[in-house]
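As provided, structure_10.tsv (TSV, C-alpha atoms) reads as follows.
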chain	number	residue	atom	x	y	z
H	165	MET	CA	-21.45	10.11	31.10
H	166	SER	CA	-18.62	7.72	30.39
H	167	ALA	CA	-15.24	8.70	31.70
H	168	ARG	CA	-12.73	9.59	29.05
H	169	PRO	CA	-10.76	6.42	28.33
H	170	LYS	CA	-7.13	6.12	29.24
H	171	LEU	CA	-4.42	4.80	26.98
H	172	ASP	CA	-2.36	2.04	28.58
H	173	PHE	CA	0.61	0.52	26.80
H	174	ALA	CA	-0.31	-2.93	25.48
H	175	PHE	CA	2.48	-4.29	23.31
H	176	GLU	CA	5.15	-3.62	20.73
H	177	PHE	CA	5.59	-5.41	17.42
H	178	ARG	CA	8.84	-5.71	15.51
H	179	MET	CA	8.11	-6.76	11.97
H	180	ARG	CA	10.32	-8.16	9.23
H	181	LEU	CA	8.84	-7.31	5.88
H	182	GLY	CA	9.41	-8.62	2.38
H	183	ALA	CA	9.74	-6.74	-0.86
H	184	ARG	CA	7.10	-4.15	-1.64
H	185	THR	CA	4.89	-4.41	-4.70
H	186	HIS	CA	2.63	-1.65	-5.97
H	187	ILE	CA	-0.40	-2.20	-8.16
H	188	THR	CA	-1.47	0.98	-9.91
H	189	LEU	CA	-5.23	0.70	-10.16
H	190	THR	CA	-5.90	4.10	-11.65
H	191	GLY	CA	-3.98	7.32	-12.00
H	192	ASP	CA	-4.38	8.19	-8.35
H	193	GLN	CA	-5.08	4.83	-6.73
H	194	THR	CA	-2.32	2.40	-5.86
H	195	ARG	CA	-2.57	-0.79	-3.86
H	196	GLY	CA	0.58	-1.82	-2.10
H	197	ALA	CA	1.49	-5.34	-1.09
H	198	VAL	CA	4.04	-6.12	1.59
H	199	LEU	CA	4.29	-9.70	2.80
H	200	ILE	CA	5.21	-10.51	6.36
H	201	GLU	CA	8.46	-12.43	6.74
H	202	GLY	CA	8.24	-12.69	10.52
H	203	GLY	CA	8.68	-10.78	13.70
H	204	SER	CA	7.95	-10.71	17.38
H	205	PHE	CA	5.72	-8.94	19.85
H	206	SER	CA	5.71	-8.42	23.57
H	207	GLY	CA	3.85	-6.53	26.24
H	208	PRO	CA	2.56	-7.02	29.77
H	209	GLY	CA	1.20	-10.56	30.00
H	210	ILE	CA	1.60	-11.43	26.34
H	211	GLU	CA	4.44	-12.19	23.95
H	212	GLY	CA	5.05	-14.27	20.89
H	213	MET	CA	5.95	-14.32	17.24
H	214	VAL	CA	4.51	-13.02	14.03
H	215	VAL	CA	4.05	-16.02	11.76
H	216	GLY	CA	6.09	-15.49	8.61
H	217	GLY	CA	4.21	-16.10	5.38
H	218	SER	CA	0.82	-15.82	7.09
H	219	GLY	CA	-0.22	-12.58	5.47
H	220	GLY	CA	0.76	-9.02	4.78
H	221	ASP	CA	-0.22	-5.41	4.53
H	222	PHE	CA	-2.09	-4.24	1.46
H	223	PRO	CA	-2.38	-0.47	1.83
H	224	GLN	CA	-4.07	2.01	-0.39
H	225	VAL	CA	-1.36	4.54	-1.17
H	226	ARG	CA	-1.82	7.94	-2.70
H	227	ARG	CA	0.82	9.90	-4.56
H	228	ASP	CA	0.49	12.65	-1.97
H	229	GLY	CA	1.64	10.35	0.81
H	230	GLY	CA	-1.76	9.51	2.12
H	231	ALA	CA	-2.22	5.84	2.91
H	232	ARG	CA	-4.84	3.56	4.43
H	233	PHE	CA	-3.37	0.42	5.90
H	234	ASP	CA	-5.15	-2.88	5.47
H	235	ALA	CA	-3.18	-5.76	6.94
H	236	VAL	CA	-3.96	-9.26	8.12
H	237	TYR	CA	-1.60	-11.90	9.47
H	238	LEU	CA	-1.28	-14.53	12.14
H	239	LEU	CA	0.39	-14.40	15.55
H	240	ARG	CA	1.41	-17.23	17.81
H	241	THR	CA	1.92	-16.54	21.49
H	242	SER	CA	4.85	-18.01	23.39
H	243	ASP	CA	2.44	-20.57	24.90
H	244	GLY	CA	1.26	-21.65	21.48
H	245	VAL	CA	-2.03	-19.78	21.02
H	246	PRO	CA	-2.83	-18.65	17.44
H	247	ILE	CA	-4.32	-15.16	17.09
H	248	LEU	CA	-5.43	-13.38	13.94
H	249	LYS	CA	-4.47	-9.73	13.72
H	250	ARG	CA	-6.08	-7.24	11.37
H	251	ASN	CA	-4.57	-3.80	11.18
H	252	SER	CA	-6.09	-0.71	9.68
H	253	GLY	CA	-4.65	2.73	9.92
H	254	ILE	CA	-3.95	6.11	8.43
H	255	ARG	CA	-0.75	7.72	7.27
H	256	HIS	CA	-0.39	11.27	6.12
H	257	ALA	CA	2.86	12.91	5.13
H	258	ASP	CA	4.09	15.82	3.11
H	259	ALA	CA	5.79	15.26	-0.23
H	260	ASP	CA	9.34	15.15	1.10
H	261	ALA	CA	8.55	12.74	3.93
H	262	THR	CA	6.60	10.57	1.49
H	263	ARG	CA	9.53	10.38	-0.90
H	264	ARG	CA	11.88	9.35	1.90
H	265	LEU	CA	9.42	6.81	3.29
H	266	MET	CA	8.91	5.23	-0.10
H	267	ALA	CA	12.67	5.10	-0.62
H	268	GLY	CA	13.09	3.35	2.71
H	269	GLU	CA	15.12	6.22	4.12
H	270	PRO	CA	14.98	7.12	7.83
H	271	VAL	CA	12.24	9.63	8.56
H	272	ASP	CA	11.62	11.25	11.92
H	273	PRO	CA	8.23	9.97	13.16
H	274	GLY	CA	7.31	13.54	13.98
H	275	ASP	CA	7.49	14.35	10.26
H	276	TYR	CA	4.44	12.27	9.41
H	277	TYR	CA	1.17	11.10	10.92
H	278	MET	CA	0.74	7.36	11.29
H	279	ARG	CA	-1.88	5.88	13.57
H	280	LEU	CA	-3.10	2.31	13.66
H	281	ALA	CA	-6.26	0.54	14.80
H	282	PRO	CA	-5.76	-3.22	15.10
H	283	ARG	CA	-8.39	-5.84	15.82
H	284	PHE	CA	-7.73	-9.32	17.03
H	285	GLU	CA	-9.43	-12.69	16.90
H	286	ALA	CA	-8.24	-14.83	19.80
H	287	PRO	CA	-9.71	-18.07	21.14
H	288	ALA	CA	-11.50	-18.15	24.47
H	289	GLY	CA	-8.89	-18.19	27.19
H	290	PRO	CA	-6.16	-15.98	28.55
H	291	TYR	CA	-6.03	-13.71	25.50
H	292	ASP	CA	-9.74	-13.28	24.75
H	293	TRP	CA	-9.59	-9.74	26.18
H	294	LEU	CA	-8.10	-8.87	22.78
H	295	ASN	CA	-11.51	-9.58	21.22
H	296	ARG	CA	-13.25	-6.79	23.12
H	297	THR	CA	-10.56	-4.15	23.47
H	298	ILE	CA	-9.94	-1.10	21.33
H	299	PHE	CA	-6.31	-0.35	20.56
H	300	ILE	CA	-4.56	2.47	18.84
H	301	GLY	CA	-1.00	2.44	17.70
H	302	THR	CA	1.87	4.32	16.19
H	303	GLY	CA	4.58	3.03	13.95
H	304	ILE	CA	7.94	3.61	12.43
H	305	ARG	CA	8.75	2.31	9.00
H	306	ARG	CA	12.29	1.37	8.11
H	307	ALA	CA	13.83	-0.28	5.08
H	308	ASP	CA	14.38	-3.49	7.07
H	309	GLY	CA	11.05	-3.59	8.86
H	310	SER	CA	8.57	-1.72	10.98
H	311	VAL	CA	7.99	-1.22	14.66
H	312	PHE	CA	4.45	-0.76	15.94
H	313	ARG	CA	3.53	0.22	19.49
H	314	TYR	CA	-0.06	-0.18	20.67
H	315	TRP	CA	-2.04	1.24	23.55
H	316	LYS	CA	-5.32	-0.18	24.80
H	317	LEU	CA	-8.27	1.92	25.82
H	318	THR	CA	-9.23	1.28	29.41
J	720	MET	CA	16.98	-1.24	14.36
J	721	VAL	CA	14.47	1.18	15.83
J	722	ASP	CA	14.77	2.45	19.36
J	723	SER	CA	11.32	2.47	21.00
J	724	ALA	CA	12.12	5.81	22.60
J	725	GLU	CA	11.92	7.37	19.14
J	726	MET	CA	8.28	6.56	18.81
J	727	ILE	CA	5.34	8.89	19.09
J	728	VAL	CA	3.06	8.33	22.08
J	729	PRO	CA	-0.53	8.98	20.95
J	730	ARG	CA	-2.85	11.27	22.86
J	731	LEU	CA	-6.54	12.07	22.58
J	732	SER	CA	-7.87	15.52	21.79
J	733	ASP	CA	-11.62	15.98	22.24
J	734	GLU	CA	-13.17	17.37	19.06
J	735	PHE	CA	-16.91	16.68	18.83
J	736	ILE	CA	-19.99	15.51	20.64
J	737	LEU	CA	-22.11	13.18	18.53
J	738	THR	CA	-25.70	12.81	19.65
J	739	LEU	CA	-27.71	10.07	18.06
J	740	GLN	CA	-31.32	8.96	18.33
J	741	LEU	CA	-31.73	5.28	17.56
J	742	GLY	CA	-35.07	3.91	16.45
J	743	CYS	CA	-36.38	0.41	16.01
J	744	GLY	CA	-34.23	-2.64	15.56
J	745	LEU	CA	-34.25	-4.86	12.50
J	746	ALA	CA	-33.24	-8.39	13.46
J	747	ILE	CA	-31.65	-10.49	10.75
J	748	GLY	CA	-31.03	-13.50	12.96
J	749	THR	CA	-28.25	-15.92	13.72
J	750	LEU	CA	-25.50	-15.89	11.15
J	751	PRO	CA	-23.91	-19.12	9.97
J	752	THR	CA	-20.61	-17.55	10.95
J	753	GLY	CA	-21.84	-16.90	14.49
J	754	GLY	CA	-23.54	-14.06	16.31
J	755	GLN	CA	-26.92	-12.36	16.10
J	756	ARG	CA	-27.00	-9.73	13.36
J	757	SER	CA	-29.29	-6.75	13.65
J	758	GLN	CA	-29.50	-3.15	12.56
J	759	ARG	CA	-30.87	-0.10	14.33
J	760	ILE	CA	-32.73	2.57	12.41
J	761	VAL	CA	-31.18	5.99	12.99
J	762	ASP	CA	-33.90	8.57	13.61
J	763	GLY	CA	-31.56	11.54	13.73
J	764	GLY	CA	-28.38	12.93	15.09
J	765	ARG	CA	-26.05	15.87	15.27
J	766	ILE	CA	-22.35	16.45	15.58
J	767	ILE	CA	-21.12	19.54	17.37
J	768	GLY	CA	-17.60	20.80	17.78
J	769	GLU	CA	-15.53	23.93	17.42
J	770	ARG	CA	-14.26	22.89	14.02
J	771	LEU	CA	-17.30	21.01	12.75
J	772	THR	CA	-21.04	21.03	13.22
J	773	GLY	CA	-23.59	19.17	11.19
J	774	ASP	CA	-26.57	16.87	11.04
J	775	LEU	CA	-26.63	13.20	10.28
J	776	VAL	CA	-28.56	12.25	7.15
J	777	ALA	CA	-30.65	9.80	9.10
J	778	LYS	CA	-32.18	7.92	6.18
J	779	ALA	CA	-28.72	7.06	4.88
J	780	CYS	CA	-27.17	6.06	8.20
J	781	ILE	CA	-26.13	2.50	8.92
J	782	HIS	CA	-25.83	1.34	12.52
J	783	MET	CA	-25.10	-2.36	12.37
J	784	LEU	CA	-24.73	-4.73	15.31
J	785	LEU	CA	-23.38	-8.22	15.76
J	786	ASP	CA	-24.25	-9.65	19.17
J	787	ARG	CA	-21.61	-12.26	19.93
J	788	ALA	CA	-21.81	-15.21	22.28
J	789	ASP	CA	-19.23	-13.61	24.58
J	790	ASN	CA	-21.72	-10.80	25.33
J	791	VAL	CA	-19.76	-8.31	23.27
J	792	VAL	CA	-21.64	-6.45	20.55
J	793	VAL	CA	-19.62	-5.47	17.50
J	794	VAL	CA	-20.81	-2.08	16.26
J	795	GLU	CA	-20.26	-0.91	12.68
J	796	ILE	CA	-21.40	2.54	11.62
J	797	SER	CA	-21.62	4.60	8.47
J	798	TYR	CA	-23.10	8.05	9.00
J	799	PRO	CA	-23.34	10.60	6.17
J	800	ILE	CA	-23.22	14.10	7.66
J	801	ARG	CA	-24.31	17.38	6.15
J	802	THR	CA	-22.20	20.07	7.74
J	803	SER	CA	-23.49	23.48	8.75
J	804	ASP	CA	-21.46	25.02	5.91
J	805	GLY	CA	-23.13	22.79	3.34
J	806	GLN	CA	-20.51	20.09	2.86
J	807	MET	CA	-21.13	16.35	2.83
J	808	LEU	CA	-18.87	13.88	4.52
J	809	ARG	CA	-19.07	10.34	5.81
J	810	MET	CA	-18.13	9.07	9.24
J	811	VAL	CA	-17.28	5.39	9.41
J	812	GLY	CA	-16.37	3.36	12.45
J	813	GLN	CA	-16.11	0.03	14.09
J	814	GLY	CA	-15.85	-1.04	17.69
J	815	TYR	CA	-17.54	-2.71	20.60
J	816	ARG	CA	-20.36	-2.33	23.06
J	817	THR	CA	-19.41	-4.04	26.29
J	818	GLY	CA	-21.27	-4.35	29.56
J	819	GLY	CA	-24.71	-4.98	28.07
J	820	GLU	CA	-27.47	-2.49	27.28
J	821	ALA	CA	-26.23	-0.15	30.00
J	822	GLY	CA	-22.60	-0.59	29.08
J	823	VAL	CA	-20.23	1.51	27.05
J	824	ILE	CA	-19.48	1.90	23.36
J	825	THR	CA	-16.01	2.53	22.00
J	826	LEU	CA	-15.31	2.93	18.30
J	827	THR	CA	-12.41	3.78	16.07
J	828	ILE	CA	-13.50	6.38	13.55
J	829	ALA	CA	-12.35	7.61	10.16
J	830	PHE	CA	-13.86	10.26	7.93
J	831	GLU	CA	-14.29	10.29	4.20
J	832	VAL	CA	-14.22	13.86	3.02
J	833	ASP	CA	-13.42	15.92	-0.06
J	834	GLU	CA	-9.67	16.40	0.05
J	835	ASN	CA	-10.04	19.86	-1.48
J	836	GLY	CA	-12.84	20.97	0.83
J	837	PRO	CA	-12.78	22.90	4.10
J	838	HIS	CA	-12.91	19.75	6.22
J	839	ALA	CA	-10.07	17.91	4.50
J	840	TRP	CA	-8.21	17.66	7.81
J	841	LEU	CA	-10.74	15.09	8.98
J	842	GLY	CA	-9.51	12.66	6.36
J	843	ARG	CA	-5.94	12.83	7.57
J	844	SER	CA	-6.46	11.66	11.15
J	845	MET	CA	-7.84	8.78	13.12
J	846	PHE	CA	-10.52	9.37	15.75
J	847	LEU	CA	-12.05	7.54	18.68
J	848	ALA	CA	-15.66	7.72	19.85
J	849	TYR	CA	-16.79	6.66	23.30
J	850	GLY	CA	-19.87	6.94	25.44
J	851	ASP	CA	-22.60	5.17	27.33
J	852	ALA	CA	-24.79	2.71	25.45
J	853	GLY	CA	-28.50	3.38	24.99
J	854	SER	CA	-31.07	4.50	22.45
J	855	ASN	CA	-30.09	8.14	22.84
J	856	LEU	CA	-26.37	8.05	22.40
J	857	GLU	CA	-23.98	10.82	23.28
J	858	LEU	CA	-20.58	9.90	21.99
J	859	HIS	CA	-17.45	11.91	22.58
J	860	VAL	CA	-15.25	11.96	19.51
J	861	ALA	CA	-11.55	12.55	20.03
J	862	GLU	CA	-8.80	12.95	17.47
J	863	VAL	CA	-5.88	10.59	17.96
J	864	ARG	CA	-2.84	12.84	17.84

Translate the structure of the given file into structure tokens.
Amino acid sequence: MSARPKLDFAFEFRMRLGARTHITLTGDQTRGAVLIEGGSFSGPGIEGMVVGGSGGDFPQVRRDGGARFDAVYLLRTSDGVPILKRNSGIRHADADATRRLMAGEPVDPGDYYMRLAPRFEAPAGPYDWLNRTIFIGTGIRRADGSVFRYWKLT
Amino acid sequence: MVDSAEMIVPRLSDEFILTLQLGCGLAIGTLPTGGQRSQRIVDGGRIIGERLTGDLVAKACIHMLLDRADNVVVVEISYPIRTSDGQMLRMVGQGYRTGGEAGVITLTIAFEVDENGPHAWLGRSMFLAYGDAGSNLELHVAEVR
């Protein structure tokens, strides 16, 4: 039987986000759109920038605070390697936490559930371990941006 | 700006054992976008845990593989499950098989479930599945808390 995987810290992202747009598809289905203005990331053996204007997050958002993240954007490591990042995830919050999140107010991360599952497309080379590694993450959303921390399964 | 110390550190909580019997493979071939695409027929399976037990609806299960040139197999699953209390839900996941036929599988998992039903909690969390590769899979499914 496989040993239970461990979670080892991989990296942290600090994101600068643009204005949020919401597209109401039906009475209970809303698609958000948040474009990436830029940011940075760093962790053991890897660091770089989030390429502004390269993509965004387009979550499905429910009135009850439930959300499914669906993001794609480009990274560039400090040694110039481009990497595509896709980010899916789940957020669940009660009504009060949802209202404060949507208003961009500070919310204690313990007041809501937010877990992320990114995937990466990196070229063969020093970062190709990203292509075969499972990560999970947590995040904090603020009015001026978001911070994501990711752990890799080892 | 956010202080990293504020942030939640995730942990895994074992919830289910998913056993799966895989049948024959259906090879599609080499995709123009790279990789060898194939699908495995699912002959049957069962999920067992304290908070959920049920059987996979084998005929409706999708177990899709993309065998990449770097010897990593991308695994995509969609398993409808009929629970022991008569509910239907769907388990979806994506991840990797590494280490070849005798390697390991690790998937991130989400559930689609009736938000007003008894298993609504499954739809509000992310899960991980992991286990040894093979035709008779036994995957441990843990909630990411």

- Message: For a quick check of your reading of the model, name the residues lying within 9 Å of the coordinate (6.5, -16.1, 6.4), counting only C-alpha atoms, and write them as a count of residues only.
- Response: 11

- Query: Which distance in Å separates atom CA of J:Met807 and atom CA of J:Leu739, to one decimal?
  - Reply: 17.7 Å

- Counting all atoms listed in the file, collect the residues of chain J whose closest atom lies at most 8 Å from chain H, and write them out as number ranges by chain. J: 721, 725-730, 791, 814-815, 817, 823, 825-827, 843-845, 849-851, 863

- Message: Report, in Å to a single decimal, how far apart atom CA of J:Gly754 and atom CA of H:Tyr291 are.
- Response: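 Computing it gives 19.8 Å between the two atoms.
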
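In this structure, atom CA of H:Lys316 sits 23.2 Å away from atom CA of H:Pro223.
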
- Message: Given the point (-30.2, -11.9, 10.8) in the file's coordinates, find the residues that have an atom at most 10 Å from it, counting only C-alpha atoms, and give them as a VMD selection string.
- Response: chain J and resid 745 to 751 754 to 758 785

- Message: I need the residue nearest H:Ser206 from this list: H:Leu189, H:Glu269, H:Asp260, H:Thr241. Use only C-alpha atoms for the distance.
- Response: H:Thr241

- Task: Write out as a PyMOL selection string each polymer residue whose atoms come within 9 Å of H:Gly229, counting only C-alpha atoms; drop sequence neighbours fewer than 5 positions from it.
- Result: chain H and resi 255-259+261-263+265-266

- One residue among J:His859, J:Arg801, J:Lys778, J:Arg759 is nearest to J:Phe735 when using all atoms listed in the file, and that residue is J:His859

- Quick one: of H:Val198, H:Ile187, H:Leu294, H:Ile210, who's nearest to H:Gly244, counting all atoms listed in the file? H:Ile210

- Item | Residues within 6 Å of J:Gly742, all atoms listed in the file, excluding chain neighbours under 4 positions, as number ranges by chain | J: 760-762

- Item | Option closest in space to J:Ala788, from J:Thr752, J:Arg770, J:Leu775, J:Cys743 [counting all atoms listed in the file] |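 For J:Ala788, the nearest of the candidates is J:Thr752.
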